[in-house]
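Shown next: my_file_15.cif, containing mmCIF, C-alpha atoms.
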data_data
#
loop_
_atom_site.label_atom_id
_atom_site.label_comp_id
_atom_site.auth_asym_id
_atom_site.auth_seq_id
_atom_site.Cartn_x
_atom_site.Cartn_y
_atom_site.Cartn_z
CA MET G 1 0.00 0.00 0.00
CA GLN G 2 1.13 3.51 -0.70
CA ILE G 3 1.04 6.16 2.01
CA LEU G 4 -0.82 9.00 0.35
CA ASN G 5 -1.69 11.28 3.21
CA PRO G 6 -0.56 11.74 6.79
CA ALA G 7 -2.78 9.72 9.13
CA VAL G 8 -2.91 8.96 12.86
CA ALA G 9 -4.40 6.11 14.88
CA GLY G 10 -4.39 5.34 18.59
CA THR G 11 -4.25 7.38 21.78
CA LEU G 12 -1.80 8.29 24.52
CA GLU G 13 -3.68 6.32 27.14
CA SER G 14 -1.95 3.63 29.14
CA SER G 15 -1.61 0.30 27.22
CA ASP G 16 -2.16 2.12 23.92
CA ALA G 17 0.12 3.60 21.27
CA MET G 18 -0.30 6.56 18.95
CA VAL G 19 0.93 5.81 15.46
CA THR G 20 1.43 8.46 12.76
CA VAL G 21 2.28 7.61 9.16
CA GLU G 22 3.42 10.14 6.59
CA PRO G 23 4.65 9.88 3.01
CA GLY G 24 8.42 9.26 2.89
CA LYS G 25 11.25 7.64 0.96
CA GLY G 26 12.11 4.16 2.21
CA LEU G 27 11.02 3.27 5.74
CA SER G 28 11.95 5.38 8.72
CA LEU G 29 10.70 4.93 12.27
CA GLU G 30 10.77 7.28 15.19
CA LEU G 31 9.86 5.52 18.45
CA LYS G 32 9.19 6.88 21.91
CA SER G 33 8.17 4.35 24.50
CA SER G 34 7.61 4.23 28.23
CA VAL G 35 9.18 0.76 28.16
CA MET G 36 11.95 1.53 25.65
CA ASN G 37 14.76 -0.31 27.46
CA THR G 38 12.85 -3.55 27.80
CA TYR G 39 10.69 -3.66 24.69
CA GLY G 40 12.02 -1.04 22.26
CA ARG G 41 13.52 -3.60 19.90
CA GLN G 42 10.41 -5.78 19.91
CA ILE G 43 8.12 -2.83 19.19
CA LYS G 44 10.28 -1.83 16.22
CA GLU G 45 10.18 -5.37 14.88
CA THR G 46 6.39 -5.48 15.22
CA VAL G 47 6.00 -2.15 13.40
CA PHE G 48 8.28 -3.17 10.51
CA GLU G 49 6.73 -6.60 10.22
CA THR G 50 3.24 -5.08 10.07
CA LEU G 51 4.30 -2.56 7.42
CA LYS G 52 5.88 -5.34 5.39
CA LYS G 53 2.68 -7.40 5.49
CA LEU G 54 0.74 -4.38 4.26
CA GLY G 55 3.25 -3.87 1.46
CA VAL G 56 4.26 -0.42 2.67
CA GLU G 57 7.72 0.37 1.33
CA ASP G 58 7.88 4.12 1.66
CA ALA G 59 6.74 5.84 4.83
CA HIS G 60 7.86 7.86 7.76
CA VAL G 61 6.30 6.34 10.86
CA SER G 62 6.29 7.70 14.37
CA VAL G 63 5.11 5.71 17.36
CA ILE G 64 4.50 7.01 20.85
CA ASP G 65 4.03 3.88 22.93
CA LYS G 66 2.43 3.77 26.35
CA GLY G 67 3.04 0.13 27.11
CA ALA G 68 0.87 -1.36 24.35
CA LEU G 69 0.78 -5.09 23.69
CA ASP G 70 1.96 -6.28 20.25
CA CYS G 71 -1.62 -6.82 19.12
CA THR G 72 -2.41 -3.17 19.89
CA ILE G 73 0.69 -1.88 18.05
CA LYS G 74 -0.32 -3.91 15.01
CA ALA G 75 -3.92 -2.63 15.16
CA ARG G 76 -2.79 0.99 15.36
CA VAL G 77 -0.23 0.70 12.54
CA GLU G 78 -2.76 -1.00 10.27
CA CYS G 79 -5.48 1.53 11.03
CA ALA G 80 -3.12 4.46 10.35
CA VAL G 81 -2.03 2.95 7.00
CA PHE G 82 -5.61 2.20 5.90
CA ARG G 83 -6.68 5.70 6.97
CA SER G 84 -3.85 7.20 4.97
CA CYS G 85 -5.26 5.49 1.87
CA GLY G 86 -8.83 6.40 2.75
CA LYS G 87 -9.73 2.70 3.03
CA SER G 88 -10.21 2.17 6.76
CA GLU G 89 -14.02 2.08 6.84
CA LYS G 90 -15.03 -1.04 4.95
CA ASP G 91 -14.04 -4.22 3.11
CA ILE G 92 -10.98 -4.69 5.29
CA PRO G 93 -9.09 -7.92 4.41
CA TRP G 94 -9.56 -9.52 7.87
CA GLY G 95 -7.47 -12.66 8.08
CA GLY G 96 -5.69 -11.68 4.83
CA VAL G 97 -2.99 -9.03 5.26
CA ILE G 98 -4.66 -8.19 8.56
CA ARG G 99 -3.70 -11.07 10.80
CA MET M 1 -4.85 -17.31 16.20
CA ILE M 2 -6.44 -18.36 19.47
CA PRO M 3 -8.92 -21.14 18.71
CA ARG M 4 -12.17 -20.64 20.59
CA PRO M 5 -14.51 -23.55 21.26
CA ARG M 6 -17.83 -23.61 19.39
CA PRO M 7 -20.16 -21.15 21.18
CA GLU M 8 -22.93 -22.73 23.24
CA ARG M 9 -26.37 -21.32 22.62
CA PHE M 10 -27.45 -22.09 26.16
CA ARG M 11 -24.90 -21.52 28.87
CA LEU M 12 -24.61 -19.66 32.13
CA ARG M 13 -24.85 -15.90 31.57
CA ARG M 14 -25.35 -14.23 34.94
CA THR M 15 -23.07 -11.32 34.19
CA MET M 16 -22.24 -9.60 30.91
CA MET M 17 -19.73 -6.78 31.27
CA PHE M 18 -19.47 -3.93 28.76
CA LEU M 19 -16.03 -2.78 27.58
CA SER M 20 -15.10 -0.36 24.82
CA ALA M 21 -13.38 -2.22 21.97
CA GLN M 22 -11.37 0.95 21.31
CA LYS M 23 -9.63 0.84 24.72
CA PRO M 24 -6.70 -1.62 24.77
CA GLY M 25 -6.22 -1.13 28.50
CA LEU M 26 -9.69 -2.53 29.14
CA ILE M 27 -9.90 -5.39 26.67
CA LYS M 28 -6.44 -6.89 27.14
CA ASP M 29 -7.22 -8.72 30.38
CA ALA M 30 -10.99 -8.51 30.86
CA TYR M 31 -11.21 -12.26 31.54
CA ILE M 32 -9.56 -11.91 34.96
CA TYR M 33 -12.72 -10.56 36.59
CA GLY M 34 -14.64 -13.80 36.24
CA CYS M 35 -17.80 -12.48 34.60
CA ASP M 36 -19.62 -15.07 32.48
CA SER M 37 -19.54 -12.95 29.31
CA ILE M 38 -17.80 -9.83 28.15
CA MET M 39 -19.42 -7.44 25.73
CA LEU M 40 -16.87 -5.68 23.55
CA ASP M 41 -18.55 -2.54 22.36
CA LEU M 42 -18.28 -1.02 18.90
CA GLU M 43 -21.38 1.13 19.42
CA ASP M 44 -21.95 3.90 21.95
CA ALA M 45 -18.64 3.57 23.80
CA VAL M 46 -16.74 4.28 20.58
CA ALA M 47 -16.69 7.84 19.17
CA GLU M 48 -18.05 8.22 15.64
CA ASN M 49 -14.62 8.99 14.16
CA GLN M 50 -12.96 5.98 15.84
CA LYS M 51 -15.27 3.21 14.56
CA ASP M 52 -12.60 2.04 12.09
CA ALA M 53 -9.82 1.98 14.71
CA ALA M 54 -12.04 0.05 17.14
CA ARG M 55 -12.48 -2.73 14.55
CA PHE M 56 -8.74 -3.19 14.03
CA SER M 57 -8.28 -3.26 17.78
CA LEU M 58 -11.16 -5.72 18.17
CA TYR M 59 -9.86 -8.06 15.47
CA HIS M 60 -6.45 -8.41 17.08
CA ALA M 61 -7.89 -8.74 20.57
CA LEU M 62 -10.19 -11.55 19.40
CA THR M 63 -7.44 -13.41 17.59
CA THR M 64 -4.60 -12.85 20.08
CA ILE M 65 -6.02 -12.78 23.59
CA ASP M 66 -7.06 -16.04 25.24
CA TYR M 67 -10.29 -15.19 27.05
CA GLY M 68 -10.60 -18.77 28.29
CA ASP M 69 -14.08 -19.72 29.47
CA THR M 70 -15.34 -16.15 29.33
CA GLU M 71 -17.84 -15.77 26.52
CA VAL M 72 -16.98 -12.97 24.07
CA ILE M 73 -19.88 -11.05 22.57
CA VAL M 74 -19.57 -7.92 20.43
CA ARG M 75 -22.12 -5.12 20.35
CA ILE M 76 -22.36 -3.82 16.80
CA ASN M 77 -23.63 -0.45 15.61
CA GLY M 78 -27.31 0.05 14.82
CA LEU M 79 -28.82 -0.95 11.49
CA ASP M 80 -29.47 2.74 10.76
CA THR M 81 -25.72 3.45 10.64
CA PRO M 82 -23.15 2.89 7.85
CA HIS M 83 -21.04 0.79 10.26
CA TRP M 84 -22.92 -2.39 11.07
CA GLN M 85 -22.03 -4.51 8.04
CA GLU M 86 -18.29 -4.08 8.52
CA ASP M 87 -18.87 -4.71 12.24
CA VAL M 88 -20.42 -8.08 11.39
CA ARG M 89 -17.51 -8.98 9.10
CA VAL M 90 -14.90 -8.28 11.75
CA CYS M 91 -16.85 -10.17 14.45
CA VAL M 92 -17.11 -13.27 12.30
CA ALA M 93 -13.54 -13.07 10.96
CA GLY M 94 -12.18 -12.64 14.49
CA GLY M 95 -14.24 -15.55 15.80
CA ALA M 96 -16.47 -13.73 18.32
CA ASP M 97 -18.91 -16.06 20.07
CA GLY M 98 -21.87 -13.83 19.41
CA ILE M 99 -23.16 -10.52 18.13
CA ARG M 100 -25.46 -8.18 20.00
CA ILE M 101 -27.84 -6.26 17.75
CA ALA M 102 -28.31 -2.76 19.10
CA LYS M 103 -31.70 -0.99 18.97
CA CYS M 104 -33.47 -4.04 17.56
CA GLU M 105 -37.10 -3.36 16.65
CA SER M 106 -38.33 -6.25 14.53
CA ALA M 107 -37.72 -9.78 13.30
CA ALA M 108 -36.59 -8.18 10.02
CA ASP M 109 -33.70 -6.51 11.89
CA VAL M 110 -32.58 -9.90 13.24
CA LYS M 111 -32.90 -11.44 9.79
CA ALA M 112 -30.79 -8.67 8.22
CA VAL M 113 -27.98 -9.32 10.70
CA GLU M 114 -28.38 -13.08 10.34
CA GLU M 115 -27.98 -12.77 6.57
CA ALA M 116 -24.86 -10.60 6.89
CA THR M 117 -23.47 -13.06 9.46
CA LEU M 118 -23.99 -16.03 7.17
CA ALA M 119 -22.37 -14.14 4.28
CA ALA M 120 -19.38 -13.36 6.51
CA GLU M 121 -19.12 -16.98 7.67
CA LYS M 122 -18.92 -18.03 4.02
CA GLU M 123 -16.43 -15.28 3.19
CA PHE M 124 -14.06 -16.15 6.06
CA GLY M 125 -14.49 -19.92 6.01
CA VAL M 126 -16.11 -20.02 9.44
CA GLU M 127 -18.48 -22.91 10.20
CA GLU M 128 -21.96 -21.83 9.10
CA GLY M 129 -24.26 -21.15 12.03
CA ARG M 130 -21.41 -20.84 14.52
CA THR M 131 -21.89 -17.17 15.36
CA LEU M 132 -24.72 -16.59 17.84
CA LEU M 133 -27.01 -13.56 18.00
CA MET M 134 -28.75 -11.63 20.72
CA ALA M 135 -30.85 -8.50 20.51
CA ALA M 136 -31.09 -5.39 22.65
CA LEU M 137 -34.57 -3.93 22.98
CA GLU M 138 -34.25 -0.20 23.49
CA SER M 139 -37.56 1.26 22.29
CA PRO M 140 -41.29 0.74 22.88
CA LYS M 141 -41.52 -0.75 19.38
CA GLY M 142 -38.78 -3.24 20.21
CA ILE M 143 -40.59 -4.25 23.39
CA LEU M 144 -43.93 -4.65 21.61
CA ASN M 145 -42.27 -6.82 18.97
CA ALA M 146 -40.29 -8.78 21.55
CA TYR M 147 -41.72 -12.20 20.70
CA GLU M 148 -41.13 -12.02 16.93
CA ILE M 149 -37.60 -10.80 17.67
CA CYS M 150 -36.89 -13.63 20.14
CA ALA M 151 -38.21 -16.24 17.73
CA ALA M 152 -36.62 -14.77 14.58
CA SER M 153 -33.58 -17.04 14.27
CA PRO M 154 -32.15 -20.31 15.59
CA ARG M 155 -28.97 -18.31 16.30
CA MET M 156 -30.78 -16.16 18.89
CA PHE M 157 -29.73 -17.02 22.44
CA GLY M 158 -31.17 -14.06 24.31
CA VAL M 159 -32.60 -10.57 24.56
CA ALA M 160 -31.52 -7.70 26.75
CA ILE M 161 -33.50 -4.67 27.78
CA SER M 162 -31.63 -1.41 27.50
CA GLY M 163 -32.77 1.13 30.05
CA GLY M 164 -31.09 4.34 28.90
CA ASP M 165 -32.91 4.76 25.61
CA LEU M 166 -36.08 3.01 26.70
CA ARG M 167 -36.66 5.25 29.72
CA LYS M 168 -36.24 8.30 27.50
CA CYS M 169 -38.90 6.99 25.10
CA LEU M 170 -41.19 6.12 28.01
CA GLN M 171 -40.65 9.58 29.48
CA THR M 172 -39.54 8.21 32.82
CA THR M 173 -36.42 7.96 34.99
CA PRO M 174 -35.00 5.13 37.13
CA GLN M 175 -37.24 4.46 40.14
CA ARG M 176 -36.28 2.65 43.31
CA ASP M 177 -39.06 0.07 42.99
CA GLY M 178 -38.49 -0.50 39.26
CA VAL M 179 -42.00 0.63 38.37
CA ASP M 180 -40.59 2.74 35.50
CA MET M 181 -39.78 -0.35 33.43
CA MET M 182 -41.98 -2.96 35.06
CA ALA M 183 -44.26 -3.45 32.06
CA ALA M 184 -41.39 -3.48 29.55
CA ARG M 185 -39.33 -5.93 31.59
CA GLY M 186 -42.35 -8.16 32.08
CA GLN M 187 -43.24 -8.18 28.40
CA MET M 188 -39.66 -9.00 27.40
CA ILE M 189 -39.38 -11.86 29.90
CA LEU M 190 -42.67 -13.34 28.67
CA ALA M 191 -41.48 -13.16 25.07
CA ALA M 192 -38.08 -14.68 25.85
CA ARG M 193 -39.61 -17.56 27.79
CA ALA M 194 -42.24 -18.17 25.12
CA ALA M 195 -39.47 -18.40 22.50
CA GLY M 196 -37.25 -20.45 24.81
CA ILE M 197 -34.30 -18.04 24.95
CA GLN M 198 -32.54 -16.15 27.74
CA CYS M 199 -33.19 -12.61 28.98
CA PHE M 200 -30.94 -10.05 30.59
CA ASP M 201 -31.60 -6.86 32.48
CA THR M 202 -30.13 -3.45 31.73
CA VAL M 203 -27.04 -1.86 33.32
CA PHE M 204 -27.18 0.00 36.63
CA THR M 205 -25.15 3.13 36.00
CA ASN M 206 -24.86 4.85 39.39
CA LEU M 207 -21.76 3.15 40.77
CA ASP M 208 -21.99 5.07 44.06
CA ASP M 209 -25.46 3.71 44.84
CA GLN M 210 -24.67 0.16 45.93
CA GLU M 211 -27.96 -0.17 47.81
CA GLY M 212 -29.99 0.73 44.72
CA PHE M 213 -27.92 -1.67 42.64
CA GLU M 214 -28.50 -4.55 45.04
CA ALA M 215 -32.24 -3.89 45.18
CA GLU M 216 -32.41 -3.97 41.39
CA VAL M 217 -30.43 -7.24 41.15
CA LEU M 218 -32.72 -8.90 43.70
CA GLN M 219 -35.74 -7.77 41.72
CA ASN M 220 -34.15 -9.07 38.47
CA LYS M 221 -33.71 -12.48 40.05
CA ALA M 222 -37.27 -12.48 41.40
CA MET M 223 -38.67 -11.55 37.99
CA GLY M 224 -36.90 -14.47 36.34
CA PHE M 225 -34.04 -12.83 34.42
CA ASP M 226 -31.05 -15.03 33.53
CA GLY M 227 -28.55 -12.29 34.23
CA LYS M 228 -27.61 -8.65 34.06
CA SER M 229 -25.47 -6.34 31.96
CA LEU M 230 -22.75 -4.59 33.97
CA ILE M 231 -20.46 -1.62 33.51
CA ASN M 232 -17.93 -2.23 36.26
CA PRO M 233 -16.15 -5.32 37.60
CA LYS M 234 -17.10 -4.41 41.15
CA GLN M 235 -20.71 -5.27 40.29
CA ILE M 236 -19.94 -8.89 39.35
CA ARG M 237 -19.66 -10.52 42.75
CA PHE M 238 -23.07 -9.45 44.03
CA VAL M 239 -24.89 -10.64 40.91
CA HIS M 240 -23.16 -14.01 41.10
CA GLN M 241 -24.15 -14.29 44.76
CA VAL M 242 -27.79 -13.47 44.09
CA PHE M 243 -28.09 -15.73 41.07
CA ALA M 244 -26.43 -18.65 42.87
CA PRO M 245 -28.94 -21.27 44.06
CA THR M 246 -29.33 -21.88 47.82
CA GLU M 247 -27.93 -24.99 49.49
CA LYS M 248 -31.50 -26.24 50.03
CA GLU M 249 -32.42 -25.77 46.36
CA ILE M 250 -29.33 -27.72 45.30
CA ARG M 251 -30.03 -30.68 47.61
CA GLN M 252 -33.64 -30.73 46.43
CA ALA M 253 -32.63 -30.62 42.77
CA GLU M 254 -30.11 -33.38 43.32
CA LYS M 255 -32.77 -35.61 44.90
CA ILE M 256 -35.26 -34.90 42.13
CA VAL M 257 -32.84 -35.64 39.30
CA SER M 258 -31.45 -38.84 40.79
CA ALA M 259 -34.91 -40.08 41.83
CA PHE M 260 -36.25 -39.32 38.35
CA ARG M 261 -33.48 -41.33 36.72
CA GLU M 262 -34.07 -44.32 38.99
CA GLN M 263 -37.85 -44.19 38.68
CA SER M 264 -37.97 -43.73 34.95
CA ALA M 265 -35.52 -46.61 34.50
CA ALA M 266 -38.03 -48.67 36.48
CA GLY M 267 -40.86 -47.43 34.25
CA VAL M 268 -42.42 -45.02 36.77
CA GLY M 269 -43.53 -41.56 35.49
CA VAL M 270 -44.80 -39.81 38.58
CA PHE M 271 -43.56 -40.24 42.15
CA THR M 272 -42.93 -38.21 45.32
CA VAL M 273 -39.78 -36.68 46.79
CA ASP M 274 -40.07 -35.41 50.39
CA GLY M 275 -43.82 -35.49 50.09
CA LYS M 276 -43.97 -33.46 46.85
CA MET M 277 -45.25 -34.81 43.58
CA ILE M 278 -42.55 -34.97 40.89
CA ASP M 279 -42.84 -35.77 37.19
CA ILE M 280 -40.87 -34.98 34.04
CA ALA M 281 -41.99 -31.32 34.11
CA PHE M 282 -39.72 -30.68 37.12
CA ILE M 283 -36.57 -32.04 35.53
CA PRO M 284 -35.39 -29.13 33.36
CA GLY M 285 -35.68 -26.74 36.33
CA ALA M 286 -33.80 -29.10 38.63
CA GLU M 287 -31.08 -29.67 36.05
CA ARG M 288 -30.75 -25.94 35.55
CA THR M 289 -30.28 -25.49 39.30
CA LEU M 290 -27.51 -28.11 39.33
CA LYS M 291 -25.80 -26.54 36.33
CA LEU M 292 -25.91 -23.14 37.99
CA ALA M 293 -24.64 -24.67 41.25
CA LYS M 294 -21.76 -26.29 39.43
CA ALA M 295 -20.81 -22.98 37.79
CA CYS M 296 -20.95 -21.29 41.18
CA GLY M 297 -18.65 -23.94 42.66
CA MET M 298 -21.41 -25.24 44.95
CA TYR M 299 -21.99 -28.65 43.39
CA GLU M 300 -19.40 -31.25 42.51
CA GLY M 301 -21.59 -34.26 41.79
CA ASP M 302 -21.88 -36.02 38.45
CA LEU M 303 -25.60 -35.69 37.73
CA ILE M 304 -24.82 -32.82 35.32
#
Please re-express this file's structure in structure tokens.
Amino acid sequence: MQILNPAVAGTLESSDAMVTVEPGKGLSLELKSSVMNTYGRQIKETVFETLKKLGVEDAHVSVIDKGALDCTIKARVECAVFRSCGKSEKDIPWGGVIR
Amino acid sequence: MIPRPRPERFRLRRTMMFLSAQKPGLIKDAYIYGCDSIMLDLEDAVAENQKDAARFSLYHALTTIDYGDTEVIVRINGLDTPHWQEDVRVCVAGGADGIRIAKCESAADVKAVEEATLAAEKEFGVEEGRTLLMAALESPKGILNAYEICAASPRMFGVAISGGDLRKCLQTTPQRDGVDMMAARGQMILAARAAGIQCFDTVFTNLDDQEGFEAEVLQNKAMGFDGKSLINPKQIRFVHQVFAPTEKEIRQAEKIVSAFREQSAAGVGVFTVDGKMIDIAFIPGAERTLKLAKACGMYEGDLI
């Protein structure tokens, strides 16, 4: 998928993460996390893996993590990407690239 | 993906706790509170511009988190919104046990959701008929059509009355003695029993009024409800206490069931237990008591 417009998903509440995607060249990730020392590397892996599944090759992504589980990080990244393409409201490929 | 067992149409549902599907902090560990069912909400608890995000969050919660024995129901948006069809798709794809139809007013509403559910089961390769349905009655029209709604589909396991909207339509407010919704509750219970499905009372929203909450739960039990919708884990324990059978009821039920099995094996249809006449009509009630007792940890026998 191609990142067309800047889009945000998620909140700054505890156990959540706020993910912003913007158009970019290649993939770049800016991560702030309340559990950076323990889980920083894992969060990055989850973000990149999710982007790869969605076929996103060019994007600048920023994540502000408040102790979210992997499943929440995935959900927020996916929602931000689908919002950026204006496709977040219906016919989502549940169980396809979203898994 | 976490495999969930096939949903049971009839199971213990004393407590059904509402949680916003858009709040990861709430849904990640909701099974620890021990309620019988959780109700992940895509409707009123989710702001209009977050409906899409709530679905992504719901999908991953359903497929990643092991809720164990806790039943997982999802409340979808009303049929008058642009959201409900995608809501049904995500529920089925994620493997939710059941779908709660908000603001249900007719059998046609149930049929519309049933059709979308079947289509989603086909689309996602889910066993046809697996996903259960329940309906929330929130308007006078819904209450008046309660029976056709209850009997509209073999997927229907229950109906719930929803006090917030209903009281507004009835032009009343919560009353201590429950007189505000007495007729509506009564009509819904009659319809549910006539159709052979379960019925659940509305939430009690004033968390500071424990006395009022307890009075309402006692009345629910006396009226014959199967359980109650809740908004806070602190409400669970009292409902479970009230809906638990008494020691005397359990002993009685045990006697009836075992006597019935012995007598009917010997070809006897009607007999007495402790001076009371017993026949086959008493058995479902007695078995229900034992099932409830087992779920409450009060019965360890093998009759059930």
May I have the residues within 10 Å of segment 52-69 of chain G as an MDAnalysis selection string, using all atoms listed in the file and disregarding those fewer than 4 positions away in the same chain?
(chainID G and resid 1:4 6:36 39:40 43:44 46:48 73:74 76:78 80:82 96:99) or (chainID M and resid 24:25 28 61)
Could you please tell me, as a list of chain:residue names, which residues of chain M have an atom within 7 Å of chain G when using all atoms listed in the file?
M:Pro24, M:Gly25, M:Asp52, M:Ala53, M:Phe56, M:Ser57, M:His60, M:Ala61, M:Thr64, M:Glu86, M:Val90, M:Ala93
Mind dumping the selected residues with C-alpha atoms as a PDB file, keeping the file's coordinate frame?
ATOM      1  CA  PRO M  24      -6.700  -1.620  24.770  1.00  0.00           C
ATOM      2  CA  GLY M  25      -6.220  -1.130  28.500  1.00  0.00           C
ATOM      3  CA  ASP M  52     -12.600   2.040  12.090  1.00  0.00           C
ATOM      4  CA  ALA M  53      -9.820   1.980  14.710  1.00  0.00           C
ATOM      5  CA  PHE M  56      -8.740  -3.190  14.030  1.00  0.00           C
ATOM      6  CA  SER M  57      -8.280  -3.260  17.780  1.00  0.00           C
ATOM      7  CA  HIS M  60      -6.450  -8.410  17.080  1.00  0.00           C
ATOM      8  CA  ALA M  61      -7.890  -8.740  20.570  1.00  0.00           C
ATOM      9  CA  THR M  64      -4.600 -12.850  20.080  1.00  0.00           C
ATOM     10  CA  GLU M  86     -18.290  -4.080   8.520  1.00  0.00           C
ATOM     11  CA  VAL M  90     -14.900  -8.280  11.750  1.00  0.00           C
ATOM     12  CA  ALA M  93     -13.540 -13.070  10.960  1.00  0.00           C
TER      13      ALA M  93
END
Exactly which residues make up the result of the PyMOL selection byres ((chain M and resi 94) around 7) on this file, given as a PyMOL selection string?
chain M and resi 59+62-63+90-93+95-96
Report, in Å with one decimal, the straight-line distance from atom CA of Gln50 of chain M to atom CA of Gln22 of chain M.
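Going from atom CA of Gln50 of chain M over to atom CA of Gln22 of chain M, I get 7.6 Å.
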Shortest contact to Glu216 of chain M, candidates M:Ile101, M:Ile280, M:Val242, M:Val72, atoms counted only C-alpha atoms, goes to M:Val242
I'd like the contact shell of Ala21 of chain M - 8 Å cut-off, only C-alpha atoms, skipping same-chain residues fewer than 6 positions apart - returned as a ChimeraX atom specification.
/M:27,40-42,46,54-55,57-58
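With distances restricted to only C-alpha atoms, M:Leu132 is the closest residue to Glu71 of chain M from M:Ala112, M:Ala253, M:Leu190, M:Leu132.
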Separation of atom CA of Gly212 of chain M from atom CA of Ile161 of chain M, in Å and rounded to one decimal:
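Straight-line distance from atom CA of Gly212 of chain M to atom CA of Ile161 of chain M works out to 18.1 Å.
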Report as a list in words the residues that result from applying the PyMOL selection byres ((chain M and resi 219) around 12) to the structure here.
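When the PyMOL selection byres ((chain M and resi 219) around 12) is applied to the shown file, the picked residues are Arg176, Asp177, Gly178, Val179, Met181, Met182, Arg185, Gly186, Asp201, Gly212, Phe213, Glu214, Ala215, Glu216, Val217, Leu218, Asn220, Lys221, Ala222, Met223, Gly224, Phe225, Asp226, Gly227, Lys228, Val239, Val242 and Phe243 of chain M.
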If the PyMOL selection byres ((chain M and resi 287-301) around 12) were run on this exact file, what residues would it hold? Put them as a PyMOL selection string.
chain M and resi 10-14+34-36+69+226-227+237+239-258+260-261+280-286+302-304
Could you tell me how far atom CA of Pro5 of chain M lies from atom CA of Tyr67 of chain M, in Å and to one decimal?
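Distance reported for this atom pair: 11.0 Å.
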